[in-house]
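S.K.: Below you'll find protein.tsv; it's TSV, C-alpha atoms and all ligand atoms.
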```
chain	number	residue	atom	x	y	z
F	789	MET	CA	0.00	0.00	0.00
F	790	GLY	CA	1.44	3.40	-0.99
F	791	ALA	CA	1.77	6.55	1.09
F	792	ILE	CA	-1.31	8.23	-0.42
F	793	ALA	CA	-3.55	5.28	0.39
F	794	LEU	CA	-2.05	5.01	3.84
F	795	TYR	CA	-2.07	8.63	4.94
F	796	ALA	CA	-4.20	10.94	2.75
F	797	ARG	CA	-7.39	11.98	4.53
F	798	ALA	CA	-9.71	14.95	4.04
F	799	THR	CA	-10.08	16.35	7.53
F	800	PRO	CA	-12.18	19.31	8.74
F	801	GLY	CA	-10.50	22.64	8.05
F	802	HIS	CA	-8.13	21.33	5.36
F	803	GLU	CA	-9.16	23.88	2.73
F	804	GLN	CA	-8.80	26.69	5.23
F	805	ARG	CA	-5.31	25.50	6.19
F	806	VAL	CA	-4.33	25.47	2.51
F	807	ALA	CA	-5.73	29.00	2.10
F	808	ASP	CA	-3.94	30.22	5.24
F	809	THR	CA	-0.65	28.72	4.06
F	810	LEU	CA	-0.97	30.34	0.66
F	811	ALA	CA	-1.75	33.70	2.29
F	812	GLN	CA	1.32	33.33	4.53
F	813	LEU	CA	3.54	32.52	1.56
F	814	GLN	CA	2.18	35.47	-0.41
F	815	ALA	CA	2.75	37.83	2.52
F	816	ALA	CA	6.26	36.44	3.08
F	817	ALA	CA	7.18	36.89	-0.58
F	818	ALA	CA	5.84	40.46	-0.55
F	819	ALA	CA	7.71	41.34	2.64
F	820	HIS	CA	11.05	39.96	1.39
F	821	PRO	CA	11.16	40.77	-2.34
F	822	GLY	CA	13.95	38.89	-4.06
F	823	ASP	CA	15.61	37.58	-0.92
F	824	ILE	CA	13.48	34.73	0.36
F	825	VAL	CA	14.15	31.04	-0.25
F	826	GLN	CA	12.34	27.78	0.40
F	827	ALA	CA	14.86	25.39	1.96
F	828	THR	CA	13.46	22.10	0.72
F	829	SER	CA	14.48	18.74	2.14
F	830	LEU	CA	12.57	17.20	-0.79
F	831	GLY	CA	10.30	15.49	1.75
F	832	ALA	CA	6.50	15.38	1.44
F	833	GLU	CA	5.88	18.65	3.29
F	834	ASP	CA	8.36	20.52	1.12
F	835	MET	CA	6.79	19.14	-2.03
F	836	VAL	CA	3.51	20.76	-0.93
F	837	LEU	CA	5.24	24.10	-0.40
F	838	THR	CA	7.05	23.97	-3.74
F	839	ASP	CA	3.75	23.14	-5.44
F	840	LEU	CA	2.07	26.16	-3.84
F	841	ILE	CA	5.00	28.43	-4.72
F	842	ALA	CA	5.08	27.25	-8.34
F	843	ARG	CA	1.31	27.03	-8.84
F	844	HIS	CA	0.86	30.62	-7.67
F	845	ARG	CA	4.10	31.89	-9.26
F	846	LEU	CA	5.36	33.27	-5.99
F	847	PRO	CA	8.78	34.97	-6.14
F	848	ILE	CA	10.38	32.56	-3.68
F	849	ALA	CA	13.56	30.71	-4.71
F	850	VAL	CA	13.68	26.94	-4.14
F	851	ALA	CA	16.90	25.41	-2.83
F	852	THR	CA	18.09	22.16	-1.29
F	853	LEU	CA	21.13	20.85	0.56
F	854	ASP	CA	23.02	18.14	-1.29
F	855	THR	CA	25.01	16.61	1.55
F	856	GLY	CA	26.71	14.05	-0.71
F	857	LEU	CA	24.94	11.23	1.12
F	858	MET	CA	21.39	11.54	-0.17
F	859	HIS	CA	19.38	8.58	-1.43
F	860	PRO	CA	19.28	8.38	-5.24
F	861	GLN	CA	15.48	8.46	-4.97
F	862	THR	CA	15.73	11.86	-3.26
F	863	LEU	CA	18.14	13.31	-5.82
F	864	ALA	CA	15.93	12.02	-8.64
F	865	LEU	CA	13.21	14.42	-7.47
F	866	ILE	CA	15.23	17.49	-8.41
F	867	PRO	CA	14.99	17.12	-12.22
F	868	ARG	CA	11.37	15.99	-11.82
F	869	LEU	CA	10.52	19.19	-9.94
F	870	GLU	CA	12.39	21.34	-12.42
F	871	ALA	CA	10.64	19.75	-15.39
F	872	ARG	CA	7.19	19.84	-13.86
F	873	TYR	CA	7.24	23.37	-12.52
F	874	GLY	CA	9.70	25.05	-14.88
F	875	LEU	CA	11.83	26.30	-12.01
F	876	ARG	CA	15.44	25.82	-11.00
F	877	VAL	CA	16.25	24.08	-7.74
F	878	GLU	CA	19.46	25.49	-6.26
F	879	ARG	CA	21.77	22.78	-4.87
F	880	HIS	CA	24.09	23.71	-2.05
F	881	ALA	CA	26.84	21.18	-1.32
F	882	PRO	CA	29.49	21.15	1.41
F	883	ALA	CA	33.07	22.17	0.74
F	884	GLN	CA	34.84	18.97	-0.32
F	885	GLU	CA	38.17	19.35	1.46
F	886	PRO	CA	36.82	19.45	5.06
F	887	VAL	CA	34.45	16.54	4.28
F	888	VAL	CA	37.29	14.41	2.90
F	889	HIS	CA	39.42	15.29	5.91
F	890	PHE	CA	36.61	14.42	8.34
F	891	VAL	CA	35.99	11.03	6.70
F	892	ARG	CA	39.72	10.25	6.66
F	893	GLN	CA	40.01	11.13	10.31
F	894	HIS	CA	36.80	9.58	11.67
F	895	GLY	CA	35.67	7.04	9.07
F	896	GLU	CA	32.53	6.62	6.97
F	897	GLN	CA	30.47	5.61	10.01
F	898	ALA	CA	31.54	8.42	12.33
F	899	MET	CA	27.93	9.52	12.86
F	900	VAL	CA	26.99	6.38	14.77
F	901	ARG	CA	30.02	6.48	17.08
F	902	SER	CA	29.00	9.50	19.14
F	903	ILE	CA	26.53	12.38	19.17
F	904	GLU	CA	29.46	14.78	18.92
F	905	LEU	CA	30.73	13.17	15.71
F	906	ARG	CA	27.20	13.00	14.30
F	907	LYS	CA	26.71	16.70	14.99
F	908	ALA	CA	30.12	17.47	13.50
F	909	CYS	CA	29.10	15.61	10.35
F	910	CYS	CA	25.78	17.55	10.22
F	911	ALA	CA	27.69	20.81	10.74
F	912	LEU	CA	29.95	20.07	7.78
F	913	ARG	CA	27.43	18.60	5.41
F	914	LYS	CA	24.29	20.57	6.34
F	915	LEU	CA	24.95	23.71	8.36
F	916	GLN	CA	27.77	25.00	6.19
F	917	PRO	CA	25.77	24.60	2.94
F	918	LEU	CA	22.70	26.06	4.68
F	919	ALA	CA	24.73	29.13	5.55
F	920	GLN	CA	25.68	29.37	1.88
F	921	MET	CA	22.01	29.05	0.88
F	922	LEU	CA	20.87	31.74	3.29
F	923	LYS	CA	23.68	34.18	2.64
F	924	GLY	CA	22.28	37.51	1.48
F	925	ARG	CA	18.71	36.41	2.14
F	926	SER	CA	16.51	37.88	4.83
F	927	ALA	CA	13.96	35.06	5.09
F	928	TRP	CA	13.48	31.36	4.49
F	929	VAL	CA	10.57	28.95	4.33
F	930	THR	CA	10.53	25.47	5.85
F	931	GLY	CA	8.11	22.55	6.02
F	932	LEU	CA	8.31	22.11	9.81
F	933	ARG	CA	5.11	20.85	11.44
F	934	ARG	CA	4.27	20.70	15.15
F	935	GLU	CA	3.07	17.15	14.82
F	936	GLN	CA	6.46	15.87	13.56
F	937	SER	CA	8.00	15.36	16.99
F	938	ALA	CA	7.92	16.50	20.60
F	939	ASN	CA	10.90	18.76	19.80
F	940	ARG	CA	8.80	20.54	17.18
F	941	GLY	CA	5.58	20.68	19.20
F	942	SER	CA	5.64	24.46	19.58
F	943	VAL	CA	6.94	25.47	16.15
F	944	PRO	CA	5.53	28.97	15.40
F	945	VAL	CA	4.20	29.99	11.98
F	946	SER	CA	7.06	32.48	11.77
F	947	GLU	CA	10.01	33.35	13.95
F	948	ARG	CA	13.04	35.62	13.91
F	949	GLY	CA	16.37	33.86	14.36
F	950	GLY	CA	19.26	35.20	16.42
F	951	ASP	CA	20.80	36.38	13.17
F	952	GLY	CA	17.72	38.55	12.44
F	953	ARG	CA	16.55	36.35	9.60
F	954	ILE	CA	12.85	35.39	9.50
F	955	LYS	CA	11.94	31.72	9.25
F	956	PHE	CA	8.44	30.97	7.97
F	957	ASN	CA	6.88	27.62	8.88
F	958	PRO	CA	3.53	27.87	7.07
F	959	LEU	CA	2.71	24.18	7.54
F	960	ALA	CA	3.11	24.36	11.32
F	961	GLU	CA	-0.55	23.51	11.88
F	962	TRP	CA	-0.84	20.83	9.20
F	963	SER	CA	-1.32	17.15	9.99
F	964	TRP	CA	0.35	14.29	8.12
F	965	ALA	CA	-3.12	13.52	6.67
F	966	ASP	CA	-3.31	17.12	5.38
F	967	VAL	CA	0.06	16.82	3.65
F	968	TRP	CA	-0.92	13.66	1.82
F	969	HIS	CA	-4.44	14.86	1.03
F	970	TYR	CA	-2.88	17.88	-0.69
F	971	ILE	CA	-0.38	15.68	-2.56
F	972	ALA	CA	-3.16	13.36	-3.70
F	973	THR	CA	-5.50	16.17	-4.70
F	974	HIS	CA	-2.92	18.08	-6.73
F	975	GLY	CA	-0.89	15.18	-8.13
F	976	VAL	CA	2.27	16.50	-6.46
F	977	PRO	CA	5.46	14.48	-7.15
F	978	TYR	CA	6.99	12.87	-4.07
F	979	ASN	CA	9.91	10.72	-2.99
F	980	GLU	CA	9.17	7.05	-3.69
F	981	LEU	CA	10.80	6.20	-0.35
F	982	HIS	CA	7.61	7.48	1.28
F	983	ASP	CA	5.92	4.42	-0.24
F	984	GLN	CA	8.46	2.24	1.59
F	985	PHE	CA	7.64	3.49	5.11
F	986	PHE	CA	10.15	6.33	5.23
F	987	PRO	CA	8.02	9.25	6.55
F	988	SER	CA	11.02	11.46	7.32
F	989	ILE	CA	13.94	11.31	4.89
F	990	GLY	CA	17.45	12.63	5.41
F	991	CYS	CA	20.90	11.32	4.50
F	992	ALA	CA	21.00	7.63	3.60
F	993	PRO	CA	23.23	6.50	6.52
F	994	CYS	CA	20.96	8.23	9.04
F	995	THR	CA	17.51	7.26	7.74
F	996	ARG	CA	15.63	3.97	7.93
F	997	ALA	CA	12.07	2.78	7.36
F	998	ILE	CA	9.78	2.72	10.39
F	999	ALA	CA	7.54	-0.08	11.62
F	1000	VAL	CA	3.80	0.18	12.21
F	1001	GLY	CA	3.16	2.17	15.38
F	1002	GLU	CA	6.59	3.77	15.49
F	1003	ASP	CA	6.95	7.52	15.91
F	1004	PHE	CA	7.16	9.75	12.81
F	1005	ARG	CA	10.85	10.55	13.37
F	1006	ALA	CA	11.82	7.07	14.64
F	1007	GLY	CA	13.68	6.41	11.39
F	1008	ARG	CA	16.08	9.33	11.89
F	1009	TRP	CA	19.25	8.84	14.04
F	1010	TRP	CA	17.48	5.92	15.70
F	1011	TRP	CA	20.51	5.09	17.84
F	1012	GLU	CA	20.22	8.44	19.69
F	1013	ASN	CA	17.76	9.52	22.34
F	1014	GLU	CA	14.79	11.67	21.36
F	1015	ALA	CA	16.10	14.99	22.70
F	1016	ALA	CA	19.26	14.86	20.54
F	1017	LYS	CA	17.42	14.20	17.29
F	1018	GLU	CA	17.89	17.44	15.38
F	1019	CYS	CA	20.61	18.13	12.86
F	1020	GLY	CA	21.01	21.77	13.86
F	1021	LEU	CA	19.18	23.27	10.87
F	1022	HIS	CA	16.22	24.21	13.03
F	1023	VAL	CA	17.87	24.84	16.36
F	1024	ALA	CA	17.80	28.49	17.38
F	1025	ARG	CA	21.32	29.82	17.61
F	1026	PRO	CA	22.53	33.12	18.96
F	1027	ALA	CA	23.75	35.58	16.35
F	1028	GLU	CA	27.40	35.02	17.12
F	1029	GLU	CA	27.07	31.33	16.26
F	1030	SER	CA	25.22	31.90	13.01
F	1031	HIS	CA	26.92	30.33	10.01
F	1032	ALA	CA	25.24	32.70	7.56
F	1101	LIG	S1	22.27	13.29	8.68
F	1101	LIG	FE1	23.94	11.79	9.03
F	1101	LIG	S2	25.15	11.68	7.15
F	1101	LIG	FE2	23.80	13.50	7.02
F	1101	LIG	S3	25.05	15.18	7.68
F	1101	LIG	FE3	23.98	14.46	9.53
F	1101	LIG	S4	25.29	12.86	10.45
F	1101	LIG	FE4	26.07	13.27	8.39
```
Once more with this new file: its structure as structure tokens, please.
M.R.:
Amino acid sequence: MGAIALYARATPGHEQRVADTLAQLQAAAAAHPGDIVQATSLGAEDMVLTDLIARHRLPIAVATLDTGLMHPQTLALIPRLEARYGLRVERHAPAQEPVVHFVRQHGEQAMVRSIELRKACCALRKLQPLAQMLKGRSAWVTGLRREQSANRGSVPVSERGGDGRIKFNPLAEWSWADVWHYIATHGVPYNELHDQFFPSIGCAPCTRAIAVGEDFRAGRWWWENEAAKECGLHVARPAEESHA
């Protein structure tokens, strides 16, 4: 059974949530002309946002982090998105020399050896390219939802980071059923790994399928405890620590 059959449900208030999200995106684009970007993980939520941005021709750039360890199924979405929507997806990759040095020093499996090494890997492969993506931009859009995990339970619809940049989370109030109902209704392309019980998809070494009844984020960094399970992209940092 595929993800649409498993998860898509029309629930009360869905159309209003879609309308509210569109209004938030329109307002965000108007408030940050030419310097706002959607940071897409190429997961289901981000596909919804890209669809809304493209369908309504909103002046919001679309960009992703190519950590060098993505699943081929995830990377395959980039040309599909570009062909379908006629837009360019920016790809931001880490600097090669520090990554090669890190792997030489700590090995290919460093991320499972300690939380410190895992966070160091995320800093190299995700935070540094994110800083590159956000450089010169005053706002960004993410697909964070409150329902995704306890750590994200109080995600606001928008927030100002320590660096002064605004982060918009226009799907904060959406449910997983909402996401898939939208995808089903609008024929939005999505990562085929979602059909193989991967609800949350990151780098290949740090993502696995989940079993029935497991938590939404159980397939991410499953060897760590719940509180540690963020890669740093969405952790508020004081201005002096900003990588942008
Ligand atoms: S998710 Fe895993 S492989 Fe990807 S950057 Fe973080 S530690 Fe490294």
S.K.: Please extract the residues at most 10 Å from ligand LIG 1101 (chain F), counting all atoms listed in the file, and provide them as an NGL selection string, using the chain letters and residue numbers of this document.
M.R.: :F and (853-858 or 882 or 887 or 896-900 or 903-915 or 989-995 or 1008-1009 or 1017-1020)
S.K.: How would you write as number ranges by chain the residues that get within 12 Å of (16.2, 14.2, -10.9) in the file's frame, counting all atoms listed in the file?
M.R.: F: 830, 859-872, 876-877, 879, 977-979
S.K.: Taking 6 positions as the minimum chain separation for residues in the same chain, which residues sit within 8 Å of F:Pro847 when counting only C-alpha atoms? Answer as a list of chain:residue names.
M.R.: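 Returned residues: F:Ala817, F:Pro821, F:Gly822, F:Ile841.
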S.K.: How about saving the chosen residues, C-alpha atoms kept, as a PDB file, keeping the file's coordinate frame?
M.R.:
```pdb
ATOM      1  CA  ALA F 817       7.180  36.890  -0.580  1.00  0.00           C
ATOM      2  CA  PRO F 821      11.160  40.770  -2.340  1.00  0.00           C
ATOM      3  CA  GLY F 822      13.950  38.890  -4.060  1.00  0.00           C
ATOM      4  CA  ILE F 841       5.000  28.430  -4.720  1.00  0.00           C
TER       5      ILE F 841
END
```
S.K.: List the neighbours of F:Arg934 out to 6 Å using only C-alpha atoms; skip same-chain residues closer than 6 positions along the sequence, and give me the result as an mmCIF file with C-alpha atoms, keeping the file's coordinate frame.
M.R.:
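Output file out10.cif is given in full below:
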```
data_model
loop_
_atom_site.group_PDB
_atom_site.id
_atom_site.type_symbol
_atom_site.label_atom_id
_atom_site.label_comp_id
_atom_site.auth_asym_id
_atom_site.auth_seq_id
_atom_site.Cartn_x
_atom_site.Cartn_y
_atom_site.Cartn_z
ATOM 1 C CA ARG F 940 8.800 20.540 17.180
ATOM 2 C CA GLY F 941 5.580 20.680 19.200
ATOM 3 C CA SER F 942 5.640 24.460 19.580
ATOM 4 C CA VAL F 943 6.940 25.470 16.150
ATOM 5 C CA ALA F 960 3.110 24.360 11.320
#
```
S.K.: Which distance in Å separates atom CA of F:Pro800 and atom CA of F:Pro987, to one decimal?
M.R.: 22.7 Å
